[in-house]
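Have a look at entry.pdb below; it lists PDB, C-alpha atoms.
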```pdb
ATOM      1  CA  MET A   5     -13.783  -1.021  34.456
ATOM      2  CA  LYS A   6     -13.734   1.799  31.915
ATOM      3  CA  SER A   7     -13.092   4.406  34.588
ATOM      4  CA  SER A   8     -10.265   2.339  36.070
ATOM      5  CA  LEU A   9      -8.732   2.034  32.601
ATOM      6  CA  VAL A  10      -8.860   5.807  32.137
ATOM      7  CA  GLY A  11      -7.548   6.289  35.646
ATOM      8  CA  GLN A  12      -4.602   3.994  34.991
ATOM      9  CA  ALA A  13      -3.825   5.770  31.727
ATOM     10  CA  VAL A  14      -3.969   9.172  33.453
ATOM     11  CA  ILE A  15      -1.607   8.006  36.206
ATOM     12  CA  LEU A  16       0.895   6.705  33.650
ATOM     13  CA  ALA A  17       0.618   9.892  31.598
ATOM     14  CA  ALA A  18       1.229  11.977  34.704
ATOM     15  CA  LEU A  19       4.189   9.841  35.805
ATOM     16  CA  ALA A  20       5.880  10.282  32.417
ATOM     17  CA  LEU A  21       5.678  14.061  32.824
ATOM     18  CA  ILE A  22       8.231  14.001  35.637
ATOM     19  CA  PRO A  23      11.312  12.716  33.749
ATOM     20  CA  ALA A  24      10.151  14.564  30.612
ATOM     21  CA  ALA A  25      10.220  17.875  32.486
ATOM     22  CA  GLY A  26      13.651  17.038  33.886
ATOM     23  CA  GLU A  27      14.959  16.249  30.431
ATOM     24  CA  ALA A  28      13.489  19.450  28.999
ATOM     25  CA  ILE A  29      15.414  21.402  31.622
ATOM     26  CA  TYR A  30      18.613  19.428  30.975
ATOM     27  CA  PHE A  31      18.422  19.991  27.206
ATOM     28  CA  ARG A  32      17.266  23.611  27.409
ATOM     29  CA  ASP A  33      20.432  24.925  25.719
ATOM     30  CA  LYS A  34      20.529  22.273  23.013
ATOM     31  CA  ILE A  35      17.129  22.768  21.439
ATOM     32  CA  SER A  36      15.077  25.794  20.538
ATOM     33  CA  TRP A  37      11.355  25.796  21.296
ATOM     34  CA  ARG A  38      10.766  28.407  18.609
ATOM     35  CA  SER A  39      12.215  26.864  15.461
ATOM     36  CA  ALA A  40      13.635  23.566  14.236
ATOM     37  CA  PHE A  41      16.665  25.357  12.927
ATOM     38  CA  ALA A  42      17.879  28.703  14.131
ATOM     39  CA  PRO A  43      17.145  31.292  11.414
ATOM     40  CA  SER A  44      20.851  32.079  11.372
ATOM     41  CA  GLU A  45      21.514  28.541  10.135
ATOM     42  CA  MET A  46      19.149  28.752   7.164
ATOM     43  CA  VAL A  47      19.932  30.440   3.878
ATOM     44  CA  THR A  48      17.795  31.320   0.868
ATOM     45  CA  VAL A  49      18.801  30.589  -2.730
ATOM     46  CA  GLU A  50      19.412  34.294  -3.368
ATOM     47  CA  GLN A  51      21.634  34.706  -0.332
ATOM     48  CA  ALA A  52      23.634  31.585  -1.146
ATOM     49  CA  ARG A  53      24.112  32.626  -4.769
ATOM     50  CA  ALA A  54      25.306  36.042  -3.633
ATOM     51  CA  TRP A  55      28.193  34.338  -1.835
ATOM     52  CA  GLY A  56      29.473  33.230  -5.248
ATOM     53  CA  GLU A  57      32.837  31.488  -5.151
ATOM     54  CA  ASN A  58      32.894  31.826  -1.386
ATOM     55  CA  ALA A  59      30.278  29.092  -1.020
ATOM     56  CA  ILE A  60      30.655  25.348  -1.281
ATOM     57  CA  TRP A  61      27.421  23.647  -2.310
ATOM     58  CA  VAL A  62      26.828  20.272  -0.759
ATOM     59  CA  ASP A  63      24.237  17.872  -2.160
ATOM     60  CA  ALA A  64      22.845  15.641   0.601
ATOM     61  CA  ARG A  65      20.523  13.647  -1.664
ATOM     62  CA  PRO A  66      21.064   9.999  -2.645
ATOM     63  CA  ASP A  67      23.650   9.199  -5.349
ATOM     64  CA  GLU A  68      21.066   8.595  -8.097
ATOM     65  CA  GLU A  69      19.389  11.964  -7.612
ATOM     66  CA  PHE A  70      22.763  13.720  -7.600
ATOM     67  CA  ALA A  71      23.749  11.885 -10.800
ATOM     68  CA  ARG A  72      20.493  12.992 -12.463
ATOM     69  CA  ASP A  73      21.101  16.669 -11.810
ATOM     70  CA  HIS A  74      22.567  18.977  -9.194
ATOM     71  CA  VAL A  75      23.614  22.550  -8.502
ATOM     72  CA  PRO A  76      26.646  23.288 -10.729
ATOM     73  CA  GLY A  77      29.844  22.636  -8.790
ATOM     74  CA  ALA A  78      28.036  20.939  -5.898
ATOM     75  CA  LEU A  79      29.762  18.135  -4.031
ATOM     76  CA  LEU A  80      27.984  14.928  -3.170
ATOM     77  CA  LEU A  81      27.876  14.286   0.595
ATOM     78  CA  ASN A  82      25.074  12.056   1.764
ATOM     79  CA  GLU A  83      24.657   9.904   4.842
ATOM     80  CA  ASP A  84      24.599   6.657   2.850
ATOM     81  CA  ARG A  85      28.312   7.002   2.036
ATOM     82  CA  TRP A  86      29.281   9.479   4.734
ATOM     83  CA  ASN A  87      32.641   7.944   5.696
ATOM     84  CA  GLU A  88      33.719   7.684   2.080
ATOM     85  CA  LEU A  89      32.578  11.161   0.997
ATOM     86  CA  VAL A  90      33.634  13.312   3.950
ATOM     87  CA  PRO A  91      37.392  13.080   3.179
ATOM     88  CA  GLN A  92      36.695  14.105  -0.432
ATOM     89  CA  PHE A  93      34.694  17.059   0.824
ATOM     90  CA  LEU A  94      37.414  18.143   3.258
ATOM     91  CA  VAL A  95      39.974  18.227   0.423
ATOM     92  CA  VAL A  96      37.871  20.874  -1.338
ATOM     93  CA  TRP A  97      36.947  22.834   1.789
ATOM     94  CA  SER A  98      39.106  25.743   2.865
ATOM     95  CA  PRO A  99      38.779  28.062   5.877
ATOM     96  CA  GLY A 100      36.433  30.993   5.438
ATOM     97  CA  LYS A 101      34.220  29.236   2.904
ATOM     98  CA  LYS A 102      30.529  28.953   3.633
ATOM     99  CA  ILE A 103      28.925  25.549   3.220
ATOM    100  CA  VAL A 104      25.412  25.375   1.758
ATOM    101  CA  VAL A 105      23.746  21.994   2.202
ATOM    102  CA  TYR A 106      20.605  21.047   0.318
ATOM    103  CA  CYS A 107      18.335  18.046  -0.191
ATOM    104  CA  SER A 108      15.302  17.516  -2.397
ATOM    105  CA  SER A 109      12.681  19.843  -0.945
ATOM    106  CA  LEU A 110      11.377  21.712   2.061
ATOM    107  CA  SER A 111      10.147  18.508   3.682
ATOM    108  CA  CYS A 112      13.331  16.485   3.383
ATOM    109  CA  ASN A 113      15.548  15.965   6.375
ATOM    110  CA  ALA A 114      18.849  14.937   4.785
ATOM    111  CA  SER A 115      20.306  18.453   4.521
ATOM    112  CA  ARG A 116      19.646  19.139   8.202
ATOM    113  CA  GLU A 117      21.252  15.857   9.165
ATOM    114  CA  VAL A 118      24.315  16.439   6.983
ATOM    115  CA  ALA A 119      24.647  20.020   8.274
ATOM    116  CA  ARG A 120      24.326  18.789  11.844
ATOM    117  CA  ARG A 121      26.965  16.101  11.332
ATOM    118  CA  LEU A 122      29.341  18.503   9.583
ATOM    119  CA  ARG A 123      29.157  20.829  12.563
ATOM    120  CA  LYS A 124      29.411  18.050  15.117
ATOM    121  CA  GLU A 125      31.854  15.609  13.547
ATOM    122  CA  THR A 126      34.132  17.871  11.519
ATOM    123  CA  GLN A 127      33.806  20.876  13.838
ATOM    124  CA  LEU A 128      33.053  23.170  10.889
ATOM    125  CA  SER A 129      31.141  26.374  11.463
ATOM    126  CA  ASP A 130      29.501  28.395   8.664
ATOM    127  CA  VAL A 131      27.323  25.460   7.670
ATOM    128  CA  PHE A 132      23.931  26.507   6.303
ATOM    129  CA  VAL A 133      20.829  24.652   5.159
ATOM    130  CA  LEU A 134      19.252  25.804   1.909
ATOM    131  CA  GLU A 135      15.605  26.750   2.411
ATOM    132  CA  GLY A 136      13.414  24.706   0.067
ATOM    133  CA  GLY A 137      16.346  22.586  -1.112
ATOM    134  CA  TRP A 138      16.804  21.491  -4.720
ATOM    135  CA  GLU A 139      13.179  22.361  -5.579
ATOM    136  CA  ALA A 140      13.714  25.987  -4.539
ATOM    137  CA  TRP A 141      17.003  26.163  -6.453
ATOM    138  CA  MET A 142      15.300  24.824  -9.587
ATOM    139  CA  LYS A 143      12.501  27.378  -9.319
ATOM    140  CA  LYS A 144      14.958  30.266  -9.119
ATOM    141  CA  ASN A 145      17.333  29.018 -11.784
ATOM    142  CA  ARG A 146      15.301  27.367 -14.528
TER     143      ARG A 146
ATOM    144  CA  MET B   5     -27.739 -53.730  44.402
ATOM    145  CA  ASP B   6     -27.124 -50.331  43.252
ATOM    146  CA  GLU B   7     -24.718 -47.907  44.816
ATOM    147  CA  GLU B   8     -27.336 -45.831  46.752
ATOM    148  CA  GLU B   9     -28.810 -48.846  48.420
ATOM    149  CA  GLN B  10     -25.407 -50.121  49.386
ATOM    150  CA  MET B  11     -24.645 -46.737  50.971
ATOM    151  CA  LYS B  12     -27.833 -46.822  53.022
ATOM    152  CA  GLU B  13     -27.115 -50.276  54.292
ATOM    153  CA  THR B  14     -23.490 -49.740  55.090
ATOM    154  CA  PRO B  15     -23.035 -46.029  55.853
ATOM    155  CA  SER B  16     -19.392 -46.490  56.741
ATOM    156  CA  VAL B  17     -18.628 -47.565  53.194
ATOM    157  CA  GLN B  18     -17.220 -44.707  51.265
ATOM    158  CA  ARG B  19     -18.765 -43.690  47.978
ATOM    159  CA  PRO B  20     -16.175 -44.448  45.318
ATOM    160  CA  THR B  21     -15.152 -41.070  43.897
ATOM    161  CA  PRO B  22     -12.949 -40.662  40.880
ATOM    162  CA  ASN B  23     -10.453 -38.642  42.917
ATOM    163  CA  ALA B  24      -7.462 -39.809  40.999
ATOM    164  CA  GLU B  25      -9.086 -38.885  37.718
ATOM    165  CA  LEU B  26     -10.154 -35.487  39.060
ATOM    166  CA  SER B  27      -6.718 -34.830  40.370
ATOM    167  CA  ALA B  28      -5.073 -35.844  37.116
ATOM    168  CA  GLY B  29      -7.488 -33.649  35.192
ATOM    169  CA  ALA B  30      -6.851 -30.703  37.477
ATOM    170  CA  THR B  31      -3.105 -31.133  37.157
ATOM    171  CA  THR B  32      -3.279 -31.234  33.370
ATOM    172  CA  SER B  33      -5.454 -28.143  33.343
ATOM    173  CA  ASN B  34      -3.111 -26.462  35.774
ATOM    174  CA  ILE B  35      -0.097 -27.225  33.604
ATOM    175  CA  LYS B  36      -1.915 -25.907  30.552
ATOM    176  CA  HIS B  37      -2.905 -22.791  32.451
ATOM    177  CA  ARG B  38       0.636 -22.221  33.689
ATOM    178  CA  THR B  39       2.125 -22.792  30.247
ATOM    179  CA  SER B  40      -0.323 -20.298  28.823
ATOM    180  CA  ASN B  41       0.566 -17.800  31.556
ATOM    181  CA  ILE B  42       4.280 -18.220  30.895
ATOM    182  CA  PHE B  43       3.662 -17.669  27.186
ATOM    183  CA  TRP B  44       1.765 -14.419  27.816
ATOM    184  CA  ARG B  45       4.371 -13.220  30.294
ATOM    185  CA  ILE B  46       7.076 -13.780  27.674
ATOM    186  CA  PHE B  47       4.894 -11.831  25.259
ATOM    187  CA  ASP B  48       4.650  -9.008  27.825
ATOM    188  CA  PHE B  49       8.425  -8.975  28.250
ATOM    189  CA  VAL B  50       9.188  -8.998  24.522
ATOM    190  CA  LEU B  51       6.815  -6.101  23.854
ATOM    191  CA  ALA B  52       8.061  -4.215  26.889
ATOM    192  CA  GLY B  53      11.637  -4.738  25.666
ATOM    193  CA  ILE B  54      10.774  -3.275  22.274
ATOM    194  CA  PHE B  55       9.156  -0.191  23.814
ATOM    195  CA  ILE B  56      11.906   0.325  26.393
ATOM    196  CA  TYR B  57      14.534   0.091  23.650
ATOM    197  CA  ALA B  58      12.620   2.483  21.379
ATOM    198  CA  GLY B  59      11.887   4.887  24.229
ATOM    199  CA  ALA B  60      15.452   4.908  25.529
ATOM    200  CA  LEU B  61      16.928   5.614  22.077
ATOM    201  CA  LYS B  62      14.646   8.613  21.694
ATOM    202  CA  ALA B  63      15.041   9.814  25.277
ATOM    203  CA  PHE B  64      18.815   9.953  24.773
ATOM    204  CA  ASP B  65      18.471  12.142  21.682
ATOM    205  CA  PRO B  66      15.341  14.314  22.009
ATOM    206  CA  VAL B  67      16.768  16.875  19.574
ATOM    207  CA  GLN B  68      16.826  14.294  16.801
ATOM    208  CA  PHE B  69      13.395  12.964  17.768
ATOM    209  CA  ALA B  70      11.905  16.477  17.706
ATOM    210  CA  SER B  71      13.274  16.854  14.202
ATOM    211  CA  ASP B  72      11.808  13.458  13.217
ATOM    212  CA  ILE B  73       8.356  14.465  14.526
ATOM    213  CA  ASP B  74       8.622  17.820  12.783
ATOM    214  CA  ASN B  75       9.342  16.086   9.488
ATOM    215  CA  TYR B  76       5.806  14.691   9.460
ATOM    216  CA  LYS B  77       4.657  18.317   9.016
ATOM    217  CA  LEU B  78       1.573  17.667  11.135
ATOM    218  CA  LEU B  79       2.393  19.675  14.249
ATOM    219  CA  PRO B  80       3.921  23.038  15.051
ATOM    220  CA  TRP B  81       7.577  22.927  16.125
ATOM    221  CA  PRO B  82       6.982  23.681  19.863
ATOM    222  CA  VAL B  83       4.548  20.740  20.047
ATOM    223  CA  SER B  84       7.118  18.499  18.348
ATOM    224  CA  VAL B  85       9.689  19.517  20.960
ATOM    225  CA  ALA B  86       7.268  18.864  23.833
ATOM    226  CA  LEU B  87       6.365  15.450  22.420
ATOM    227  CA  ALA B  88      10.035  14.625  21.865
ATOM    228  CA  PHE B  89      10.633  15.058  25.584
ATOM    229  CA  TYR B  90       7.412  13.380  26.673
ATOM    230  CA  LEU B  91       6.642  10.404  24.397
ATOM    231  CA  PRO B  92       9.829   8.387  25.032
ATOM    232  CA  TRP B  93       9.179   8.455  28.782
ATOM    233  CA  LEU B  94       5.531   7.576  28.296
ATOM    234  CA  GLU B  95       6.629   4.549  26.244
ATOM    235  CA  ILE B  96       9.140   3.528  28.907
ATOM    236  CA  PHE B  97       6.648   3.862  31.775
ATOM    237  CA  CYS B  98       3.987   1.909  29.896
ATOM    238  CA  ALA B  99       6.543  -0.793  29.058
ATOM    239  CA  LEU B 100       7.456  -1.020  32.741
ATOM    240  CA  GLY B 101       3.728  -1.330  33.432
ATOM    241  CA  LEU B 102       3.689  -4.430  31.209
ATOM    242  CA  VAL B 103       6.732  -5.916  32.942
ATOM    243  CA  PHE B 104       5.562  -5.352  36.512
ATOM    244  CA  ARG B 105       1.822  -5.658  35.750
ATOM    245  CA  PHE B 106       1.406  -2.257  37.281
ATOM    246  CA  LEU B 107      -1.452  -0.217  35.757
ATOM    247  CA  TYR B 108      -1.408  -2.941  33.133
ATOM    248  CA  ARG B 109      -4.566  -2.140  31.178
ATOM    249  CA  GLY B 110      -3.810   1.581  31.180
ATOM    250  CA  ALA B 111      -0.335   0.846  29.814
ATOM    251  CA  LEU B 112      -1.730  -1.416  27.095
ATOM    252  CA  SER B 113      -4.320   1.139  26.020
ATOM    253  CA  ILE B 114      -1.764   3.975  25.821
ATOM    254  CA  LEU B 115       0.696   1.858  23.834
ATOM    255  CA  THR B 116      -2.053   0.702  21.486
ATOM    256  CA  ALA B 117      -3.282   4.254  20.934
ATOM    257  CA  SER B 118       0.230   5.544  20.330
ATOM    258  CA  ILE B 119       1.116   2.829  17.798
ATOM    259  CA  VAL B 120      -2.153   3.525  15.947
ATOM    260  CA  VAL B 121      -1.349   7.248  15.819
ATOM    261  CA  PHE B 122       2.235   6.589  14.662
ATOM    262  CA  THR B 123       1.020   4.235  11.942
ATOM    263  CA  LEU B 124      -1.588   6.713  10.686
ATOM    264  CA  ALA B 125       0.978   9.533  10.701
ATOM    265  CA  THR B 126       3.381   7.366   8.693
ATOM    266  CA  ILE B 127       0.712   6.518   6.127
ATOM    267  CA  ALA B 128      -0.314  10.197   5.921
ATOM    268  CA  ALA B 129       3.323  11.188   5.349
ATOM    269  CA  LYS B 130       3.689   8.589   2.598
ATOM    270  CA  VAL B 131       0.456   9.703   0.931
ATOM    271  CA  ARG B 132       1.680  13.302   0.964
ATOM    272  CA  GLY B 133       4.962  12.186  -0.603
ATOM    273  CA  LEU B 134       7.143  13.200   2.319
ATOM    274  CA  ASP B 135      10.646  11.744   2.217
ATOM    275  CA  ILE B 136      11.253  11.251   5.924
ATOM    276  CA  THR B 137      12.792   8.951   8.491
ATOM    277  CA  CYS B 138      10.257   7.390  10.858
ATOM    278  CA  GLY B 139      12.171   8.113  14.052
ATOM    279  CA  CYS B 140      10.433   5.312  15.907
ATOM    280  CA  PHE B 141      13.691   3.653  16.887
ATOM    281  CA  GLY B 142      15.912   6.727  16.750
ATOM    282  CA  HIS B 143      18.872   6.408  14.380
ATOM    283  CA  ALA B 144      18.407   2.635  14.189
ATOM    284  CA  SER B 145      15.306   3.103  12.037
ATOM    285  CA  GLN B 146      16.714   5.875   9.864
ATOM    286  CA  HIS B 147      17.011   3.774   6.726
ATOM    287  CA  TRP B 148      13.872   1.704   7.124
ATOM    288  CA  SER B 149      11.688   1.531   4.064
ATOM    289  CA  PHE B 150       8.020   2.441   4.309
ATOM    290  CA  PRO B 151       6.819  -1.210   4.049
ATOM    291  CA  ALA B 152       9.296  -2.317   6.749
ATOM    292  CA  HIS B 153       8.097   0.465   8.984
ATOM    293  CA  LEU B 154       4.458  -0.364   8.374
ATOM    294  CA  VAL B 155       4.892  -4.110   8.912
ATOM    295  CA  THR B 156       6.755  -3.512  12.193
ATOM    296  CA  ASN B 157       4.039  -1.165  13.463
ATOM    297  CA  LEU B 158       1.248  -3.528  12.475
ATOM    298  CA  ALA B 159       2.987  -6.489  14.107
ATOM    299  CA  ILE B 160       3.370  -4.522  17.341
ATOM    300  CA  LEU B 161      -0.257  -3.407  17.121
ATOM    301  CA  ALA B 162      -1.424  -6.997  16.642
ATOM    302  CA  ALA B 163       0.614  -8.116  19.652
ATOM    303  CA  LEU B 164      -0.820  -5.307  21.787
ATOM    304  CA  LEU B 165      -4.363  -6.174  20.742
ATOM    305  CA  MET B 166      -3.802  -9.830  21.609
ATOM    306  CA  LEU B 167      -2.633  -8.808  25.066
ATOM    307  CA  SER B 168      -5.565  -6.395  25.421
ATOM    308  CA  PHE B 169      -8.126  -9.099  24.679
ATOM    309  CA  ARG B 170      -6.515 -11.313  27.270
ATOM    310  CA  ALA B 171      -5.942  -8.496  29.777
ATOM    311  CA  PRO B 172      -9.260  -8.430  31.707
ATOM    312  CA  SER B 173      -9.084 -12.075  32.840
ATOM    313  CA  ALA B 174      -5.344 -11.898  33.414
ATOM    314  CA  CYS B 175      -5.696  -8.762  35.504
ATOM    315  CA  ARG B 176      -8.493 -10.198  37.610
ATOM    316  CA  ARG B 177      -6.272 -13.138  38.436
ATOM    317  CA  GLN B 178      -3.169 -11.082  39.100
ATOM    318  CA  ASN B 179      -4.574  -7.980  40.804
TER     319      ASN B 179
END
```
Before anything else, please render the file you have as structure tokens.
Amino acid sequence: MKSSLVGQAVILAALALIPAAGEAIYFRDKISWRSAFAPSEMVTVEQARAWGENAIWVDARPDEEFARDHVPGALLLNEDRWNELVPQFLVVWSPGKKIVVYCSSLSCNASREVARRLRKETQLSDVFVLEGGWEAWMKKNR
Amino acid sequence: MDEEEQMKETPSVQRPTPNAELSAGATTSNIKHRTSNIFWRIFDFVLAGIFIYAGALKAFDPVQFASDIDNYKLLPWPVSVALAFYLPWLEIFCALGLVFRFLYRGALSILTASIVVFTLATIAAKVRGLDITCGCFGHASQHWSFPAHLVTNLAILAALLMLSFRAPSACRRQN
């Protein structure tokens, strides 16, 4: 009985490999096997600060965290109120400006999501994710 | 004269058997058995539906799912990518196993193991203070709170365990 259970599980596991391999081939250009984000899409605090006025800082954290504190001049743009905040962001944006998106820390996902949606939905390029997020910015600035 | 003696004397006389009672009893038991079977089949279908839905959402967006797995900070990125391609299909195949009763016990054991691993990973992430989306139902579960996520996983686990305890007898009958 135990061996048949293992056998059944192995067969199912092997069957699932077939479509998974097909999908991996289909998506080969849309995902990197080396890094979650291409290094060219990440930016450090120092690099982003060096851009000075040429950078727009975007805070992807929830409203309350933004209200508590944020990078000076940063715009609030989180997924909770995406449809409401994107038009406000686009008013401030101008061609040639680099967009630096951050969330709370290295482990948070919000900045990646907001950066991904900015690229996909507003067709903006020059969108970067701040390495280490707000925590890293605080360490370097306070 | 008792019944045995009467039988000896008149062999052509039939022994009175409670056929009607037996038949009624068997029918009642049969109805109960069928009702129970229908109940468990519905249970199979509901669980299979949940896993097919969850698997399909993730299979359509493996890039997002890879990112969700990576957020748990438990595995290297290439492993997250491989799992993002593989796990949704494993869920779908196991769910189909429940629907068609094909490799049924194997499907149940894989689904049970995977929900246990997901639940432990979620608890570990919470303990480490990670602010992440669970990714279990793709974008649909993006704003789930930790308790909602945990309750859902535990409910699914309980349902799978109930099916597992019933599986051996059910499989003997069906296979």
Report as a list of chain:residue names the full result of the PyMOL selection byres ((chain B) within 7 of (chain A)) when it is applied to this structure.
B:Val67, B:Ser71, B:Asn75, B:Trp81, B:Pro82, B:Val85, B:Phe89, B:Tyr90, B:Trp93, B:Leu94, B:Phe97, B:Cys98, B:Leu107, B:Arg109, B:Gly110, B:Ala111, B:Ile114, B:Leu134, B:Asp135, B:Ile136
Writing out the chosen residues with C-alpha atoms as a compact mmCIF listing (two decimals), in the frame of the given file:
```txt
# COMPACT_ATOMS: atom_id res chain seq x y z
CA VAL B 67 16.77 16.88 19.57
CA SER B 71 13.27 16.85 14.20
CA ASN B 75 9.34 16.09 9.49
CA TRP B 81 7.58 22.93 16.12
CA PRO B 82 6.98 23.68 19.86
CA VAL B 85 9.69 19.52 20.96
CA PHE B 89 10.63 15.06 25.58
CA TYR B 90 7.41 13.38 26.67
CA TRP B 93 9.18 8.46 28.78
CA LEU B 94 5.53 7.58 28.30
CA PHE B 97 6.65 3.86 31.78
CA CYS B 98 3.99 1.91 29.90
CA LEU B 107 -1.45 -0.22 35.76
CA ARG B 109 -4.57 -2.14 31.18
CA GLY B 110 -3.81 1.58 31.18
CA ALA B 111 -0.34 0.85 29.81
CA ILE B 114 -1.76 3.98 25.82
CA LEU B 134 7.14 13.20 2.32
CA ASP B 135 10.65 11.74 2.22
CA ILE B 136 11.25 11.25 5.92
```
Apply the PyMOL selection byres ((chain B and resi 48) around 10) to the structure shown and report the selected residues as a list in words.
Ile42, Phe43, Trp44, Arg45, Ile46, Phe47, Phe49, Val50, Leu51, Ala52, Gly53, Ala99, Leu100, Gly101, Leu102, Val103, Phe104, Arg105, Leu112, Ala163, Leu164 and Leu167 of chain B
Evaluate the PyMOL selection byres ((chain B and resi 125) around 12) here and jot the selected residues down as a PDB file with C-alpha atoms, in the frame of the given file.
```pdb
ATOM      1  CA  ASP B  72      11.808  13.458  13.217  1.00  0.00           C
ATOM      2  CA  ILE B  73       8.356  14.465  14.526  1.00  0.00           C
ATOM      3  CA  ASP B  74       8.622  17.820  12.783  1.00  0.00           C
ATOM      4  CA  ASN B  75       9.342  16.086   9.488  1.00  0.00           C
ATOM      5  CA  TYR B  76       5.806  14.691   9.460  1.00  0.00           C
ATOM      6  CA  LYS B  77       4.657  18.317   9.016  1.00  0.00           C
ATOM      7  CA  LEU B  78       1.573  17.667  11.135  1.00  0.00           C
ATOM      8  CA  LEU B  79       2.393  19.675  14.249  1.00  0.00           C
ATOM      9  CA  SER B 118       0.230   5.544  20.330  1.00  0.00           C
ATOM     10  CA  ILE B 119       1.116   2.829  17.798  1.00  0.00           C
ATOM     11  CA  VAL B 120      -2.153   3.525  15.947  1.00  0.00           C
ATOM     12  CA  VAL B 121      -1.349   7.248  15.819  1.00  0.00           C
ATOM     13  CA  PHE B 122       2.235   6.589  14.662  1.00  0.00           C
ATOM     14  CA  THR B 123       1.020   4.235  11.942  1.00  0.00           C
ATOM     15  CA  LEU B 124      -1.588   6.713  10.686  1.00  0.00           C
ATOM     16  CA  THR B 126       3.381   7.366   8.693  1.00  0.00           C
ATOM     17  CA  ILE B 127       0.712   6.518   6.127  1.00  0.00           C
ATOM     18  CA  ALA B 128      -0.314  10.197   5.921  1.00  0.00           C
ATOM     19  CA  ALA B 129       3.323  11.188   5.349  1.00  0.00           C
ATOM     20  CA  LYS B 130       3.689   8.589   2.598  1.00  0.00           C
ATOM     21  CA  VAL B 131       0.456   9.703   0.931  1.00  0.00           C
ATOM     22  CA  ARG B 132       1.680  13.302   0.964  1.00  0.00           C
ATOM     23  CA  LEU B 134       7.143  13.200   2.319  1.00  0.00           C
ATOM     24  CA  ILE B 136      11.253  11.251   5.924  1.00  0.00           C
ATOM     25  CA  CYS B 138      10.257   7.390  10.858  1.00  0.00           C
ATOM     26  CA  GLY B 139      12.171   8.113  14.052  1.00  0.00           C
ATOM     27  CA  CYS B 140      10.433   5.312  15.907  1.00  0.00           C
ATOM     28  CA  PHE B 150       8.020   2.441   4.309  1.00  0.00           C
ATOM     29  CA  HIS B 153       8.097   0.465   8.984  1.00  0.00           C
ATOM     30  CA  LEU B 154       4.458  -0.364   8.374  1.00  0.00           C
ATOM     31  CA  ASN B 157       4.039  -1.165  13.463  1.00  0.00           C
TER      32      ASN B 157
END
```
For a quick check of understanding, using all atoms listed in the file, which of A:Lys101, A:Arg65, A:Arg121, A:Arg32 has the smallest distance to Asn82 of chain A?
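When distances to Asn82 of chain A are compared using all atoms listed in the file, the smallest one comes from A:Arg65.
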Protein/DNA/RNA residues near (17.4, 11.4, 23.0), cut 10 Å, all atoms listed in the file, as a compact mmCIF listing (two decimals) with C-alpha atoms, keeping the file's coordinate frame:
```txt
# COMPACT_ATOMS: atom_id res chain seq x y z
CA GLU A 27 14.96 16.25 30.43
CA PHE A 31 18.42 19.99 27.21
CA GLY B 59 11.89 4.89 24.23
CA ALA B 60 15.45 4.91 25.53
CA LEU B 61 16.93 5.61 22.08
CA LYS B 62 14.65 8.61 21.69
CA ALA B 63 15.04 9.81 25.28
CA PHE B 64 18.82 9.95 24.77
CA ASP B 65 18.47 12.14 21.68
CA PRO B 66 15.34 14.31 22.01
CA VAL B 67 16.77 16.88 19.57
CA GLN B 68 16.83 14.29 16.80
CA PHE B 69 13.40 12.96 17.77
CA ALA B 70 11.90 16.48 17.71
CA ALA B 88 10.04 14.62 21.86
CA PHE B 89 10.63 15.06 25.58
CA PRO B 92 9.83 8.39 25.03
CA GLY B 142 15.91 6.73 16.75
```
Using the structure block above, produce a file of segment 84-93 of chain A that contains N, CA and C atoms, as a PDB file, in the first residue's frame.
```
ATOM      1  N   ASP A  84      -2.804  49.977  -3.001  1.00  0.00           N
ATOM      2  CA  ASP A  84      -4.128  50.084  -2.367  1.00  0.00           C
ATOM      3  C   ASP A  84      -4.989  51.131  -3.072  1.00  0.00           C
ATOM      4  N   ARG A  85      -4.330  52.256  -3.472  1.00  0.00           N
ATOM      5  CA  ARG A  85      -5.099  53.333  -4.118  1.00  0.00           C
ATOM      6  C   ARG A  85      -4.481  53.655  -5.490  1.00  0.00           C
ATOM      7  N   TRP A  86      -4.121  52.599  -6.181  1.00  0.00           N
ATOM      8  CA  TRP A  86      -3.406  52.734  -7.455  1.00  0.00           C
ATOM      9  C   TRP A  86      -4.138  53.649  -8.432  1.00  0.00           C
ATOM     10  N   ASN A  87      -5.405  53.376  -8.691  1.00  0.00           N
ATOM     11  CA  ASN A  87      -6.148  54.135  -9.710  1.00  0.00           C
ATOM     12  C   ASN A  87      -6.277  55.609  -9.355  1.00  0.00           C
ATOM     13  N   GLU A  88      -6.304  55.896  -8.077  1.00  0.00           N
ATOM     14  CA  GLU A  88      -6.457  57.276  -7.627  1.00  0.00           C
ATOM     15  C   GLU A  88      -5.114  58.019  -7.690  1.00  0.00           C
ATOM     16  N   LEU A  89      -4.027  57.291  -7.367  1.00  0.00           N
ATOM     17  CA  LEU A  89      -2.722  57.945  -7.226  1.00  0.00           C
ATOM     18  C   LEU A  89      -1.920  58.045  -8.526  1.00  0.00           C
ATOM     19  N   VAL A  90      -2.169  57.134  -9.453  1.00  0.00           N
ATOM     20  CA  VAL A  90      -1.386  57.166 -10.700  1.00  0.00           C
ATOM     21  C   VAL A  90      -1.556  58.495 -11.460  1.00  0.00           C
ATOM     22  N   PRO A  91      -2.783  59.013 -11.621  1.00  0.00           N
ATOM     23  CA  PRO A  91      -2.912  60.294 -12.331  1.00  0.00           C
ATOM     24  C   PRO A  91      -2.123  61.414 -11.652  1.00  0.00           C
ATOM     25  N   GLN A  92      -2.134  61.418 -10.305  1.00  0.00           N
ATOM     26  CA  GLN A  92      -1.379  62.453  -9.579  1.00  0.00           C
ATOM     27  C   GLN A  92       0.116  62.313  -9.846  1.00  0.00           C
ATOM     28  N   PHE A  93       0.561  61.072  -9.938  1.00  0.00           N
ATOM     29  CA  PHE A  93       1.976  60.826 -10.213  1.00  0.00           C
ATOM     30  C   PHE A  93       2.332  61.297 -11.632  1.00  0.00           C
TER      31      PHE A  93
END
```
